[in-house]
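To keep things clear, I will list the structure first and then write my remarks on it.
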Amino acid sequence: MSSLEKRLEAFRQLPLRAQLSLINSTASNEVLSQNQEYLQSLNRIHQECLLSATPEQKTAYDRFIKNAPN
């Protein structure tokens, strides 16, 4: 398994809110944001995780999004 595959698999194990935070910080980073393939992979995995989230996880995530500062 490549280093990228290992990072993406570790990302998949994070809670939804932590995934979102990592996506946002990666997108805000001057160097990391240039790797669009990596960002797209993070977003794809995040969407997959959202689709498979339990109702409780989804509710907590939605509450977090609603209360997050803009």
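Labeling convention for the structure tokens: chains A, B, ... as they appear, residues from 1 per chain, ligands from 1 in order of appearance.
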
Stretch 48-52 of chain A environment, 12 Å, only C-alpha atoms, sequence neighbours closer than 3 positions dropped, as a list in words: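 Residues meeting the cut-off are Glu9, Phe11, Arg12, Gln13, Leu14, Pro15, Leu16, Arg17, Ala18, Gln19, Leu20, Ser41, Leu42, Asn43, Arg44, Ile45, Pro55, Glu56, Gln57, Lys58, Thr59, Ala60, Tyr61 and Asp62 of chain A.
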
d(atom CA of A:Ser2, atom CA of A:Asn29) in Å: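 It comes out at 22.7 Å.
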
Selected residue of minimal separation from A:Gln47 among A:Ile23, A:Ala68, A:Val31, A:Met1, counting only C-alpha atoms: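 Among A:Ile23, A:Ala68, A:Val31, A:Met1, it is A:Ile23 that comes nearest to A:Gln47.
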
Residue nearest A:Gln40 - candidates A:Pro69, A:Lys6, A:Thr26, A:Phe64, atoms counted: only C-alpha atoms: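 Among the listed residues, A:Thr26 lies closest to A:Gln40.
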
Shortest interatomic distance to A:Leu8 - which of A:Lys66, A:Ala53, A:Leu22, A:Gln34, counting only C-alpha atoms: A:Leu22

Which of chain A fall in helix (DSSP H, G or I), as a PyMOL selection string: chain A and resi 3-13+16-28+32-34+36-52+55-67

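Picture a line from atom CA of A:Ala27 to atom CA of A:Leu39; it runs 7.2 Å.
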
Atom-to-atom span, atom CA of A:Arg63 and atom CA of A:Ala10, Å: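 So the answer is 24.2 Å.
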